[in-house]
Structures are given as structure tokens and as C-alpha cells.
$ cat final_12.txt   # compact mmCIF, C-alpha atoms
# COMPACT_ATOMS: atom_id res chain seq x y z
CA MET A 1304 -15.41 10.91 23.72
CA SER A 1305 -17.98 12.95 21.84
CA VAL A 1306 -19.54 12.48 18.42
CA VAL A 1307 -17.26 13.79 15.65
CA SER A 1308 -17.93 15.01 12.11
CA GLY A 1309 -15.25 13.00 10.35
CA VAL A 1310 -12.50 10.43 10.80
CA THR A 1311 -9.72 8.90 8.72
CA VAL A 1312 -8.72 5.29 9.40
CA THR A 1313 -5.59 3.64 8.02
CA VAL A 1314 -5.54 -0.17 8.07
CA PRO A 1315 -2.57 -2.43 7.24
CA ALA A 1316 -2.52 -5.39 4.89
CA THR A 1317 -2.05 -8.80 6.49
CA THR A 1318 -0.49 -12.13 5.65
CA ALA A 1319 -2.26 -15.05 7.27
CA ASN A 1320 -1.82 -18.76 7.96
CA LEU A 1321 2.02 -18.66 7.73
CA GLY A 1322 2.08 -22.31 6.72
CA PRO A 1323 0.79 -24.48 9.60
CA GLY A 1324 -1.16 -21.69 11.31
CA PHE A 1325 -4.29 -22.17 9.21
CA ASP A 1326 -7.08 -19.74 10.15
CA CYS A 1327 -5.46 -18.80 13.47
CA ILE A 1328 -2.29 -16.75 12.90
CA GLY A 1329 -1.55 -13.63 10.89
CA ALA A 1330 0.78 -10.66 10.72
CA ALA A 1331 0.19 -7.01 9.78
CA LEU A 1332 2.38 -5.53 7.04
CA LYS A 1333 3.44 -1.98 6.14
CA LEU A 1334 1.08 -1.74 3.18
CA TYR A 1335 -2.14 0.20 3.71
CA ASN A 1336 -5.67 1.10 2.74
CA GLN A 1337 -6.94 4.46 3.96
CA PHE A 1338 -10.61 5.26 4.58
CA LYS A 1339 -11.98 8.75 5.23
CA PHE A 1340 -15.54 9.07 6.58
CA THR A 1341 -17.31 12.45 6.69
CA ARG A 1342 -20.83 13.09 7.93
CA VAL A 1343 -22.99 14.81 5.31
CA GLU A 1344 -26.27 16.66 5.72
CA GLU A 1345 -28.05 15.28 2.67
CA GLY A 1346 -29.32 11.71 2.70
CA GLY A 1347 -27.75 8.86 0.81
CA LEU A 1348 -24.24 7.51 0.43
CA ILE A 1349 -21.24 8.88 -1.47
CA ILE A 1350 -18.20 6.65 -2.08
CA ALA A 1351 -15.14 7.84 -3.97
CA VAL A 1352 -12.22 5.50 -4.65
CA THR A 1353 -8.65 6.20 -5.75
CA GLY A 1354 -5.76 3.81 -6.29
CA GLU A 1355 -4.59 1.28 -8.83
CA GLU A 1356 -7.70 -0.94 -8.75
CA ALA A 1357 -10.22 1.79 -7.91
CA GLN A 1358 -12.57 0.97 -10.78
CA ARG A 1359 -13.19 -2.51 -9.35
CA VAL A 1360 -14.52 -1.33 -6.00
CA GLN A 1361 -18.29 -1.13 -5.52
CA THR A 1362 -19.52 2.39 -4.78
CA ASP A 1363 -23.03 1.55 -3.59
CA GLU A 1364 -24.44 0.01 -0.41
CA SER A 1365 -22.93 -3.39 -1.29
CA ASN A 1366 -19.43 -2.02 -0.58
CA LEU A 1367 -17.89 -4.16 2.20
CA LEU A 1368 -16.47 -1.13 4.00
CA TYR A 1369 -19.94 0.39 4.16
CA GLN A 1370 -21.46 -2.95 5.14
CA ALA A 1371 -19.12 -3.04 8.16
CA PHE A 1372 -20.03 0.57 8.95
CA ILE A 1373 -23.73 -0.34 8.91
CA ARG A 1374 -23.09 -3.50 10.97
CA PHE A 1375 -21.66 -1.37 13.77
CA TYR A 1376 -24.84 0.72 13.96
CA GLN A 1377 -27.00 -2.39 13.91
CA HIS A 1378 -24.98 -3.70 16.83
CA ILE A 1379 -25.45 -0.55 18.93
CA GLU A 1380 -29.06 -0.25 17.73
CA GLN A 1381 -28.71 3.23 16.25
CA THR A 1382 -29.50 4.72 12.86
CA PRO A 1383 -26.34 5.22 10.77
CA PRO A 1384 -25.61 8.75 9.57
CA SER A 1385 -25.33 9.77 5.94
CA VAL A 1386 -21.66 9.75 5.02
CA LYS A 1387 -19.18 10.47 2.30
CA ILE A 1388 -16.48 7.79 2.14
CA GLU A 1389 -13.15 8.37 0.42
CA ILE A 1390 -11.09 5.22 -0.15
CA GLN A 1391 -7.38 5.28 -0.98
CA LEU A 1392 -6.33 1.78 -2.07
CA GLY A 1393 -2.86 0.48 -1.38
CA VAL A 1394 -3.60 -3.20 -0.72
CA PRO A 1395 -4.14 -5.34 -3.85
CA LEU A 1396 -7.60 -6.92 -4.14
CA ALA A 1397 -8.18 -10.70 -4.00
CA ARG A 1398 -4.50 -11.51 -3.63
CA GLY A 1399 -4.29 -13.04 -0.15
CA LEU A 1400 -3.24 -9.83 1.61
CA GLY A 1401 -6.35 -9.20 3.69
CA SER A 1402 -8.04 -6.52 1.57
CA SER A 1403 -11.46 -7.57 2.87
CA ALA A 1404 -10.16 -7.46 6.44
CA THR A 1405 -9.01 -3.87 5.95
CA ALA A 1406 -12.54 -2.96 4.84
CA ILE A 1407 -14.22 -4.71 7.77
CA VAL A 1408 -11.84 -3.25 10.34
CA GLY A 1409 -11.90 0.18 8.68
CA GLY A 1410 -15.67 0.38 8.64
CA LEU A 1411 -16.07 -0.72 12.26
CA VAL A 1412 -13.29 1.48 13.64
CA ALA A 1413 -14.55 4.52 11.70
CA ALA A 1414 -18.11 4.09 12.95
CA ASN A 1415 -16.90 3.64 16.52
CA GLN A 1416 -14.79 6.81 16.28
CA LEU A 1417 -17.62 8.82 14.72
CA GLU A 1418 -19.89 7.89 17.62
CA GLY A 1419 -17.34 8.75 20.30
CA GLY A 1420 -16.11 5.22 21.03
CA PRO A 1421 -19.07 3.38 22.61
CA MET A 1422 -17.38 0.04 21.93
CA SER A 1423 -14.03 -1.13 23.31
CA GLN A 1424 -11.27 -2.37 21.02
CA SER A 1425 -11.98 -5.97 22.06
CA GLN A 1426 -15.67 -5.54 21.23
CA VAL A 1427 -14.79 -4.12 17.81
CA MET A 1428 -12.46 -7.09 17.31
CA GLU A 1429 -15.20 -9.60 18.18
CA LEU A 1430 -17.56 -7.96 15.70
CA ALA A 1431 -14.85 -7.97 13.01
CA ILE A 1432 -14.18 -11.69 13.54
CA ALA A 1433 -17.91 -12.42 13.33
CA MET A 1434 -18.12 -10.57 10.01
CA GLU A 1435 -14.99 -12.15 8.50
CA GLY A 1436 -15.70 -15.64 9.82
CA HIS A 1437 -12.16 -16.26 11.10
CA PRO A 1438 -9.63 -14.17 13.05
CA ASP A 1439 -6.33 -14.55 11.20
CA ASN A 1440 -6.61 -11.37 9.08
CA VAL A 1441 -8.86 -9.02 11.01
CA VAL A 1442 -7.05 -9.38 14.35
CA PRO A 1443 -3.59 -8.23 13.16
CA ALA A 1444 -5.25 -5.64 10.89
CA LEU A 1445 -6.86 -4.14 13.98
CA LEU A 1446 -4.10 -4.68 16.54
CA GLY A 1447 -0.90 -4.82 14.46
CA GLY A 1448 2.03 -7.19 14.84
CA CYS A 1449 1.83 -10.96 14.54
CA ARG A 1450 -1.12 -12.48 16.40
CA LEU A 1451 -2.37 -15.93 17.30
CA ALA A 1452 -6.10 -16.24 18.01
CA ALA A 1453 -7.81 -19.06 19.90
CA THR A 1454 -11.39 -19.47 21.06
CA SER A 1455 -12.08 -19.16 24.77
CA GLY A 1456 -15.63 -20.02 25.73
CA ALA A 1457 -17.84 -17.73 23.67
CA GLY A 1458 -15.00 -15.29 22.98
CA TRP A 1459 -11.37 -15.17 21.90
CA GLU A 1460 -7.93 -15.11 23.46
CA ILE A 1461 -5.40 -13.15 21.41
CA CYS A 1462 -1.70 -13.82 21.83
CA ASP A 1463 1.01 -11.45 20.63
CA VAL A 1464 3.62 -13.49 18.73
CA PRO A 1465 7.18 -12.11 19.00
CA TRP A 1466 8.76 -11.67 15.55
CA HIS A 1467 12.56 -11.64 15.48
CA GLN A 1468 13.95 -8.51 13.86
CA ASP A 1469 16.19 -10.52 11.51
CA ILE A 1470 13.25 -12.27 9.81
CA ILE A 1471 12.29 -10.52 6.56
CA PRO A 1472 8.95 -11.27 4.85
CA VAL A 1473 9.23 -11.24 1.05
CA LEU A 1474 5.88 -11.01 -0.77
CA ALA A 1475 5.44 -12.07 -4.39
CA ILE A 1476 2.13 -10.60 -5.58
CA PRO A 1477 1.16 -11.97 -9.02
CA ASP A 1478 -0.98 -10.25 -11.65
CA PHE A 1479 -3.84 -12.73 -11.27
CA GLU A 1480 -6.46 -13.27 -8.58
CA LEU A 1481 -7.72 -16.13 -6.47
CA SER A 1482 -10.93 -15.75 -4.49
CA THR A 1483 -11.02 -16.95 -0.89
CA SER A 1484 -14.19 -18.95 -1.61
CA GLU A 1485 -12.49 -20.76 -4.49
CA ALA A 1486 -9.47 -21.50 -2.32
CA ARG A 1487 -11.72 -22.93 0.41
CA GLN A 1488 -13.64 -25.15 -1.96
CA VAL A 1489 -10.56 -27.28 -2.67
CA LEU A 1490 -10.01 -28.12 1.01
CA PRO A 1491 -11.08 -31.50 2.41
CA THR A 1492 -13.81 -31.51 5.05
CA GLU A 1493 -11.85 -33.92 7.25
CA VAL A 1494 -8.14 -34.57 7.89
CA SER A 1495 -6.28 -37.50 9.40
CA ARG A 1496 -5.03 -37.61 12.96
CA ALA A 1497 -1.47 -37.78 11.61
CA ASP A 1498 -1.94 -34.55 9.64
CA ALA A 1499 -3.49 -32.81 12.64
CA ILE A 1500 -0.54 -33.83 14.82
CA PHE A 1501 1.89 -32.72 12.11
CA ASN A 1502 0.38 -29.23 11.99
CA THR A 1503 0.18 -28.92 15.76
CA ALA A 1504 3.88 -29.70 16.08
CA HIS A 1505 4.88 -27.40 13.24
CA LEU A 1506 2.80 -24.48 14.52
CA GLY A 1507 4.55 -24.79 17.87
CA LEU A 1508 7.90 -24.81 16.10
CA LEU A 1509 6.86 -21.82 13.99
CA LEU A 1510 6.09 -19.75 17.08
CA ARG A 1511 9.53 -20.49 18.53
CA GLY A 1512 11.20 -19.92 15.17
CA LEU A 1513 9.57 -16.52 14.74
CA GLU A 1514 10.61 -15.54 18.27
CA THR A 1515 14.24 -16.67 18.00
CA GLY A 1516 14.96 -16.31 14.28
CA LYS A 1517 16.60 -19.76 14.39
CA ALA A 1518 17.04 -20.81 10.76
CA GLU A 1519 16.69 -24.57 11.18
CA TRP A 1520 13.48 -24.22 13.14
CA LEU A 1521 11.97 -21.89 10.54
CA LYS A 1522 12.97 -24.16 7.65
CA ALA A 1523 11.07 -27.06 9.23
CA ALA A 1524 8.23 -24.99 10.72
CA LEU A 1525 6.77 -23.59 7.49
CA GLN A 1526 5.55 -27.00 6.34
CA ASP A 1527 1.80 -27.64 6.39
CA LYS A 1528 -0.65 -30.45 5.61
CA LEU A 1529 -4.04 -28.78 6.13
CA HIS A 1530 -4.39 -26.30 3.26
CA GLN A 1531 -1.30 -25.69 1.14
CA PRO A 1532 -1.06 -29.15 -0.50
CA TYR A 1533 -4.55 -28.55 -1.90
CA ARG A 1534 -4.35 -24.84 -2.69
CA LYS A 1535 -1.00 -24.84 -4.45
CA ALA A 1536 -2.62 -26.50 -7.48
CA LEU A 1537 -4.58 -23.24 -7.95
CA ILE A 1538 -1.36 -21.22 -8.20
CA PRO A 1539 0.59 -21.69 -11.45
CA SER A 1540 4.27 -22.64 -11.03
CA TYR A 1541 4.03 -22.76 -7.23
CA ASP A 1542 6.73 -25.43 -7.00
CA SER A 1543 9.08 -23.52 -9.31
CA VAL A 1544 8.74 -20.32 -7.29
CA ASN A 1545 9.21 -22.25 -4.05
CA LEU A 1546 12.38 -23.92 -5.30
CA ALA A 1547 13.74 -20.58 -6.53
CA ALA A 1548 13.08 -18.88 -3.19
CA VAL A 1549 14.69 -21.63 -1.11
CA THR A 1550 17.67 -21.91 -3.44
CA ALA A 1551 18.22 -18.14 -3.11
CA GLY A 1552 18.32 -18.37 0.67
CA ALA A 1553 14.74 -18.33 1.98
CA TYR A 1554 13.92 -20.44 5.03
CA GLY A 1555 10.81 -21.50 3.18
CA MET A 1556 7.77 -20.26 1.25
CA VAL A 1557 4.07 -20.36 2.05
CA ILE A 1558 0.81 -19.16 0.55
CA SER A 1559 -0.21 -15.77 1.93
CA GLY A 1560 -3.76 -16.09 3.17
CA ALA A 1561 -5.82 -17.88 0.54
CA GLY A 1562 -3.33 -16.86 -2.20
CA PRO A 1563 -2.24 -16.33 -4.85
CA THR A 1564 0.40 -14.11 -3.21
CA LEU A 1565 3.34 -16.16 -2.00
CA LEU A 1566 5.32 -15.32 1.14
CA ALA A 1567 8.94 -16.27 1.71
CA LEU A 1568 10.72 -15.75 5.02
CA THR A 1569 14.41 -14.98 4.88
CA ASP A 1570 17.07 -12.78 6.48
CA GLU A 1571 18.34 -9.39 5.40
CA LEU A 1572 21.44 -10.89 3.79
CA HIS A 1573 19.37 -12.95 1.33
CA SER A 1574 16.23 -10.81 0.90
CA LYS A 1575 17.22 -9.17 -2.40
CA ALA A 1576 18.30 -12.49 -3.91
CA VAL A 1577 15.02 -14.09 -2.82
CA GLU A 1578 13.05 -11.22 -4.35
CA ALA A 1579 14.84 -11.59 -7.68
CA ALA A 1580 14.56 -15.38 -7.70
CA MET A 1581 10.80 -15.40 -7.05
CA SER A 1582 10.19 -12.71 -9.65
CA ASN A 1583 12.30 -14.51 -12.26
CA ALA A 1584 10.71 -17.90 -11.61
CA TRP A 1585 7.24 -16.53 -12.31
CA GLU A 1586 8.42 -14.42 -15.22
CA GLN A 1587 9.76 -17.56 -16.92
CA GLU A 1588 6.17 -18.87 -16.83
CA GLY A 1589 4.79 -15.65 -18.31
CA ILE A 1590 3.48 -14.32 -15.00
CA ILE A 1591 4.36 -10.81 -13.86
CA ALA A 1592 4.67 -10.41 -10.10
CA ASN A 1593 5.28 -7.44 -7.85
CA VAL A 1594 7.90 -8.81 -5.45
CA ARG A 1595 8.96 -6.80 -2.43
CA SER A 1596 10.32 -7.11 1.09
CA LEU A 1597 7.98 -5.65 3.67
CA SER A 1598 8.25 -4.82 7.36
CA LEU A 1599 5.78 -5.75 10.08
CA ASP A 1600 3.29 -3.07 11.06
CA ILE A 1601 3.08 -3.03 14.84
CA GLN A 1602 0.35 -0.40 15.27
CA GLY A 1603 -2.61 -1.88 13.42
CA ALA A 1604 -5.57 0.31 12.50
CA LYS A 1605 -4.87 3.99 13.13
CA SER A 1606 -7.33 6.86 13.28

$ encode --input "final_12.txt" --output "C-alpha cells"
Amino acid sequence: MSVVSGVTVTVPATTANLGPGFDCIGAALKLYNQFKFTRVEEGGLIIAVTGEEAQRVQTDESNLLYQAFIRFYQHIEQTPPSVKIEIQLGVPLARGLGSSATAIVGGLVAANQLEGGPMSQSQVMELAIAMEGHPDNVVPALLGGCRLAATSGAGWEICDVPWHQDIIPVLAIPDFELSTSEARQVLPTEVSRADAIFNTAHLGLLLRGLETGKAEWLKAALQDKLHQPYRKALIPSYDSVNLAAVTAGAYGMVISGAGPTLLALTDELHSKAVEAAMSNAWEQEGIIANVRSLSLDIQGAKS
């Protein structure tokens, strides 16, 4: 590949953890941020942002997308070009849907494309994980689908997780934020052996439940003892929304990423009822939520 003058990268949102899969499993969703990079002759940096939360995005060198772009050039030991960056936002910020992962993946993929592809996809992935600090969002954002990541020596092994076509993810995105750092601060530094065994068993069951769509397995599998018991206190009316979702026919409900978005898994027959129930439960507490059923994105970052 040769150096190009411009590239547009589209990166999907992600939902991570999926209950017991803390910091190791995530799935890409059909909800996107789009990033257009164009080389410019004059020096400096131009960032233009459109979308519902455009005014909240930094347009200087502190922008995470640009930081990832620069990180790529540091890695290949080259001087980054002057660029104009146009951002089209579709993924809500600070809601547990991997908005930061879209920026990291978008910046790295764009830089790699602009320079003719000197790095392989796996090398880009390793750099993205290093920037994010954990793989559960950046890996599916880059590769698409549902992915399980595990360390292997100094690198990573990535496993594609089959997702049964009958399983529908329902996302309830509230009109308030929760930062990942705040959500991590409430977690204990150590857990009991019993809790570790519990999560190991339930993650195994989750993988089989996602593959088969077996309702009873999914209902049990979404339980967790490593992060959700601590984080749910940061999300108003979590228990009420959970009860509403399950009563309406969801297999269960989990926190999407670090929250506050909540994810219910259900089937097509019950998806509309689950959407309405989650929305109504939060509305009764004075919280407005955008609740929608989404499909899995199986392509990942596209350019």
C-alpha cells in the first residue's frame, strides 16, 4: 500500500463485561462514530465535530482520537503529518458504550491507512489495548463481533465468541453520565476465592449460553460478583430497572461497560416489551433513557 491523502474510518460502539466477563469480553454494536482524516499542507491541527454531543469534544491536541493518531507515529518513529479531522458522533459519551475505544481504534486505524499499512491488524490491536489498558472494548471495536481476550505470554489471544441469532441486546442509555475512573474506584482490590470461582463458572456458562441461545443458561450466566454488586450503587434505580426487564421477558440485565447504560438480553418475541419496561422503570424515577434494541456489528472498524 502507498501513502494516501485521506481516509474515513467508521468504528462501532461496544458493550463490555456482559456480567461475569469483567475486563475480558465485549461485543460490537451497530451504533457508530465516524472519523475523517485529511492531510493538509499548512501546519497545525484542525478538528471539526458534529453530532448530538459535539460541543463536549476537545478540539485541540488533547483530543483522544488525535492522541491515538500521534501514538501510532511515535510507535513507527515517524513525524505525524498535519491533518484535518472531521468527527461525526453517533456513540454517546461516558455512557458505557466504548466511546473512548472508538477514538483509540479510529486514530490508530486512520494513521495506519494514511501511511499505507505498515502495521498489521494484530499490531494495531496490541497498541490499542496498551492505550486503553484493557481489551474488552477496543478488541471488538476493531474486529467486530463478540470477542474474548486473554493474555498469552507478552501478547494476547483473541477468541471469537459465537452469538446466537435469537439473542437480542436491548440497551437502556440514560441521560446522565458515569466516568470509567469513578466506576473503578468503587471496586475492591481483592476478591474471595469463592467469588473468583463463581465468576469463572458463570463466564463459562455465558459463553455456552451466547452460542446456543439456551434461555436457562443465559438467565444464570449473567450473574456476577466482581464488579456489578459495587457499581450498581452508582446507577439510580438499578434494581427497579432490572426487575422490570426480567419481568418483561429478559434473560437478565447487566451493566454495559462501566455504566450507566444497562444491557438486557432477550429474544425477539420479548424485545419490545423489555424496551418499554426498562424505559418506564427509569421514567418513574424521573430519569429519561434512550432504550433501543441493537444488532451485533460483525465487521468492526471499517475504512

$ closest_atom_pairs --input "final_12.txt" --of "stretch 1361-1475 of chain A" --to "stretch 1527-1542 of chain A" --cutoff "12 Å" --atoms "all atoms listed in the file" --output "Markdown table"
| residue | atom | partner | partner_atom | distance |
| --- | --- | --- | --- | --- |
| A:Arg1398 | CA | A:Ile1538 | CA | 11.2 |
| A:Gly1399 | CA | A:Ile1538 | CA | 11.8 |
| A:Ala1475 | CA | A:Tyr1541 | CA | 11.2 |

$ residues_near_point --input "final_12.txt" --point "(-21.4, 12.8, 1.7)" --cutoff "10 Å" --atoms "only C-alpha atoms" --output "JSON, numbers by chain"
{"A": [1340, 1341, 1342, 1343, 1344, 1345, 1346, 1347, 1348, 1349, 1350, 1351, 1384, 1385, 1386, 1387, 1388, 1389]}

$ write_last_selection --input "final_12.txt" --atoms "C-alpha atoms" --output "short mmCIF file (atom, residue, chain, number, x, y, z; two decimals), in the coordinates of the input"
data_model
loop_
_atom_site.label_atom_id
_atom_site.label_comp_id
_atom_site.auth_asym_id
_atom_site.auth_seq_id
_atom_site.Cartn_x
_atom_site.Cartn_y
_atom_site.Cartn_z
CA PHE A 1340 -15.54 9.07 6.58
CA THR A 1341 -17.31 12.45 6.69
CA ARG A 1342 -20.83 13.09 7.93
CA VAL A 1343 -22.99 14.81 5.31
CA GLU A 1344 -26.27 16.66 5.72
CA GLU A 1345 -28.05 15.28 2.67
CA GLY A 1346 -29.32 11.71 2.70
CA GLY A 1347 -27.75 8.86 0.81
CA LEU A 1348 -24.24 7.51 0.43
CA ILE A 1349 -21.24 8.88 -1.47
CA ILE A 1350 -18.20 6.65 -2.08
CA ALA A 1351 -15.14 7.84 -3.97
CA PRO A 1384 -25.61 8.75 9.57
CA SER A 1385 -25.33 9.77 5.94
CA VAL A 1386 -21.66 9.75 5.02
CA LYS A 1387 -19.18 10.47 2.30
CA ILE A 1388 -16.48 7.79 2.14
CA GLU A 1389 -13.15 8.37 0.42
#

$ closest_residue --input "final_12.txt" --among "A:Ala1316, A:Val1557, A:Ala1548, A:Leu1474" --to "A:Ser1402" --atoms "all atoms listed in the file"
A:Ala1316

$ atom_distance --input "final_12.txt" --atom1 "atom CA of A:Gln1337" --atom2 "atom CA of A:Glu1480"
21.7 Å

$ closest_residue --input "final_12.txt" --among "A:Gly1420, A:Pro1395, A:Gly1322, A:Gly1507" --to "A:Ile1476" --atoms "all atoms listed in the file"
A:Pro1395

$ residues_around --input "final_12.txt" --residues "A:Leu1509" --least-positions-apart "6" --cutoff "8 Å" --atoms "only C-alpha atoms" --output "JSON, numbers by chain"
{"A": [1323, 1520, 1521, 1524, 1525]}

$ atom_distance --input "final_12.txt" --atom1 "atom CA of A:Val1408" --atom2 "atom CA of A:Leu1565"
23.4 Å

$ closest_residue --input "final_12.txt" --among "A:Asn1366, A:Gln1391, A:Gln1602, A:Ser1543" --to "A:Ala1331" --atoms "only C-alpha atoms"
A:Gln1602

$ atom_distance --input "final_12.txt" --atom1 "atom CA of A:Leu1568" --atom2 "atom CA of A:Ala1406"
26.5 Å

$ closest_residue --input "final_12.txt" --among "A:Leu1451, A:Cys1327, A:Leu1392, A:Ala1547" --to "A:Thr1353" --atoms "only C-alpha atoms"
A:Leu1392

$ build_atoms --input "final_12.txt" --residues "stretch 1462-1472 of chain A" --atoms "all heavy atoms" --output "PDB file, in the frame of the given file"
ATOM      1  N   CYS A1462      -3.071 -13.741  21.358  1.00  0.00           N
ATOM      2  CA  CYS A1462      -1.700 -13.820  21.830  1.00  0.00           C
ATOM      3  C   CYS A1462      -0.773 -13.080  20.879  1.00  0.00           C
ATOM      4  O   CYS A1462      -0.776 -13.343  19.672  1.00  0.00           O
ATOM      5  CB  CYS A1462      -1.285 -15.299  21.941  1.00  0.00           C
ATOM      6  SG  CYS A1462       0.420 -15.557  22.432  1.00  0.00           S
ATOM      7  N   ASP A1463       0.006 -12.149  21.413  1.00  0.00           N
ATOM      8  CA  ASP A1463       1.010 -11.450  20.630  1.00  0.00           C
ATOM      9  C   ASP A1463       2.172 -12.408  20.371  1.00  0.00           C
ATOM     10  O   ASP A1463       2.720 -12.985  21.310  1.00  0.00           O
ATOM     11  CB  ASP A1463       1.490 -10.215  21.398  1.00  0.00           C
ATOM     12  CG  ASP A1463       2.571  -9.457  20.651  1.00  0.00           C
ATOM     13  OD1 ASP A1463       2.608  -9.532  19.415  1.00  0.00           O
ATOM     14  OD2 ASP A1463       3.397  -8.798  21.316  1.00  0.00           O
ATOM     15  N   VAL A1464       2.533 -12.582  19.097  1.00  0.00           N
ATOM     16  CA  VAL A1464       3.620 -13.490  18.730  1.00  0.00           C
ATOM     17  C   VAL A1464       4.880 -12.680  18.449  1.00  0.00           C
ATOM     18  O   VAL A1464       4.912 -11.895  17.504  1.00  0.00           O
ATOM     19  CB  VAL A1464       3.247 -14.327  17.481  1.00  0.00           C
ATOM     20  CG1 VAL A1464       4.412 -15.222  17.069  1.00  0.00           C
ATOM     21  CG2 VAL A1464       1.994 -15.152  17.753  1.00  0.00           C
ATOM     22  N   PRO A1465       5.936 -12.845  19.257  1.00  0.00           N
ATOM     23  CA  PRO A1465       7.180 -12.110  19.000  1.00  0.00           C
ATOM     24  C   PRO A1465       7.753 -12.490  17.626  1.00  0.00           C
ATOM     25  O   PRO A1465       7.772 -13.665  17.255  1.00  0.00           O
ATOM     26  CB  PRO A1465       8.107 -12.576  20.131  1.00  0.00           C
ATOM     27  CG  PRO A1465       7.206 -13.104  21.197  1.00  0.00           C
ATOM     28  CD  PRO A1465       6.031 -13.684  20.474  1.00  0.00           C
ATOM     29  N   TRP A1466       8.206 -11.479  16.897  1.00  0.00           N
ATOM     30  CA  TRP A1466       8.760 -11.670  15.550  1.00  0.00           C
ATOM     31  C   TRP A1466      10.186 -11.151  15.569  1.00  0.00           C
ATOM     32  O   TRP A1466      10.408  -9.943  15.725  1.00  0.00           O
ATOM     33  CB  TRP A1466       7.906 -10.918  14.540  1.00  0.00           C
ATOM     34  CG  TRP A1466       8.269 -11.131  13.101  1.00  0.00           C
ATOM     35  CD1 TRP A1466       9.399 -10.703  12.464  1.00  0.00           C
ATOM     36  CD2 TRP A1466       7.482 -11.805  12.107  1.00  0.00           C
ATOM     37  NE1 TRP A1466       9.375 -11.062  11.138  1.00  0.00           N
ATOM     38  CE2 TRP A1466       8.209 -11.742  10.894  1.00  0.00           C
ATOM     39  CE3 TRP A1466       6.240 -12.439  12.120  1.00  0.00           C
ATOM     40  CZ2 TRP A1466       7.729 -12.294   9.696  1.00  0.00           C
ATOM     41  CZ3 TRP A1466       5.765 -12.983  10.943  1.00  0.00           C
ATOM     42  CH2 TRP A1466       6.500 -12.916   9.743  1.00  0.00           C
ATOM     43  N   HIS A1467      11.150 -12.022  15.402  1.00  0.00           N
ATOM     44  CA  HIS A1467      12.560 -11.640  15.480  1.00  0.00           C
ATOM     45  C   HIS A1467      12.900 -10.624  14.398  1.00  0.00           C
ATOM     46  O   HIS A1467      12.482 -10.757  13.244  1.00  0.00           O
ATOM     47  CB  HIS A1467      13.444 -12.875  15.341  1.00  0.00           C
ATOM     48  CG  HIS A1467      14.845 -12.667  15.792  1.00  0.00           C
ATOM     49  ND1 HIS A1467      15.798 -12.063  15.001  1.00  0.00           N
ATOM     50  CD2 HIS A1467      15.469 -12.970  16.961  1.00  0.00           C
ATOM     51  CE1 HIS A1467      16.942 -12.021  15.655  1.00  0.00           C
ATOM     52  NE2 HIS A1467      16.774 -12.559  16.857  1.00  0.00           N
ATOM     53  N   GLN A1468      13.670  -9.616  14.779  1.00  0.00           N
ATOM     54  CA  GLN A1468      13.950  -8.510  13.860  1.00  0.00           C
ATOM     55  C   GLN A1468      14.738  -8.935  12.626  1.00  0.00           C
ATOM     56  O   GLN A1468      14.731  -8.233  11.608  1.00  0.00           O
ATOM     57  CB  GLN A1468      14.729  -7.420  14.590  1.00  0.00           C
ATOM     58  CG  GLN A1468      16.087  -7.857  15.113  1.00  0.00           C
ATOM     59  CD  GLN A1468      16.809  -6.748  15.868  1.00  0.00           C
ATOM     60  OE1 GLN A1468      16.254  -5.675  16.104  1.00  0.00           O
ATOM     61  NE2 GLN A1468      18.051  -7.008  16.241  1.00  0.00           N
ATOM     62  N   ASP A1469      15.411 -10.073  12.670  1.00  0.00           N
ATOM     63  CA  ASP A1469      16.190 -10.520  11.510  1.00  0.00           C
ATOM     64  C   ASP A1469      15.359 -11.224  10.447  1.00  0.00           C
ATOM     65  O   ASP A1469      15.858 -11.508   9.364  1.00  0.00           O
ATOM     66  CB  ASP A1469      17.316 -11.458  11.963  1.00  0.00           C
ATOM     67  CG  ASP A1469      18.396 -10.730  12.766  1.00  0.00           C
ATOM     68  OD1 ASP A1469      18.419  -9.485  12.721  1.00  0.00           O
ATOM     69  OD2 ASP A1469      19.187 -11.407  13.452  1.00  0.00           O
ATOM     70  N   ILE A1470      14.092 -11.542  10.763  1.00  0.00           N
ATOM     71  CA  ILE A1470      13.250 -12.270   9.810  1.00  0.00           C
ATOM     72  C   ILE A1470      12.562 -11.272   8.870  1.00  0.00           C
ATOM     73  O   ILE A1470      11.822 -10.394   9.303  1.00  0.00           O
ATOM     74  CB  ILE A1470      12.190 -13.120  10.525  1.00  0.00           C
ATOM     75  CG1 ILE A1470      12.856 -14.118  11.472  1.00  0.00           C
ATOM     76  CG2 ILE A1470      11.311 -13.857   9.504  1.00  0.00           C
ATOM     77  CD1 ILE A1470      11.867 -14.872  12.351  1.00  0.00           C
ATOM     78  N   ILE A1471      12.839 -11.420   7.576  1.00  0.00           N
ATOM     79  CA  ILE A1471      12.290 -10.520   6.560  1.00  0.00           C
ATOM     80  C   ILE A1471      11.212 -11.237   5.751  1.00  0.00           C
ATOM     81  O   ILE A1471      11.484 -12.278   5.146  1.00  0.00           O
ATOM     82  CB  ILE A1471      13.391 -10.026   5.601  1.00  0.00           C
ATOM     83  CG1 ILE A1471      14.565  -9.413   6.368  1.00  0.00           C
ATOM     84  CG2 ILE A1471      12.824  -9.052   4.578  1.00  0.00           C
ATOM     85  CD1 ILE A1471      14.228  -8.167   7.135  1.00  0.00           C
ATOM     86  N   PRO A1472       9.974 -10.698   5.729  1.00  0.00           N
ATOM     87  CA  PRO A1472       8.950 -11.270   4.850  1.00  0.00           C
ATOM     88  C   PRO A1472       9.086 -10.728   3.425  1.00  0.00           C
ATOM     89  O   PRO A1472       9.159  -9.514   3.229  1.00  0.00           O
ATOM     90  CB  PRO A1472       7.631 -10.811   5.487  1.00  0.00           C
ATOM     91  CG  PRO A1472       7.968  -9.636   6.334  1.00  0.00           C
ATOM     92  CD  PRO A1472       9.442  -9.624   6.589  1.00  0.00           C
TER      93      PRO A1472
END
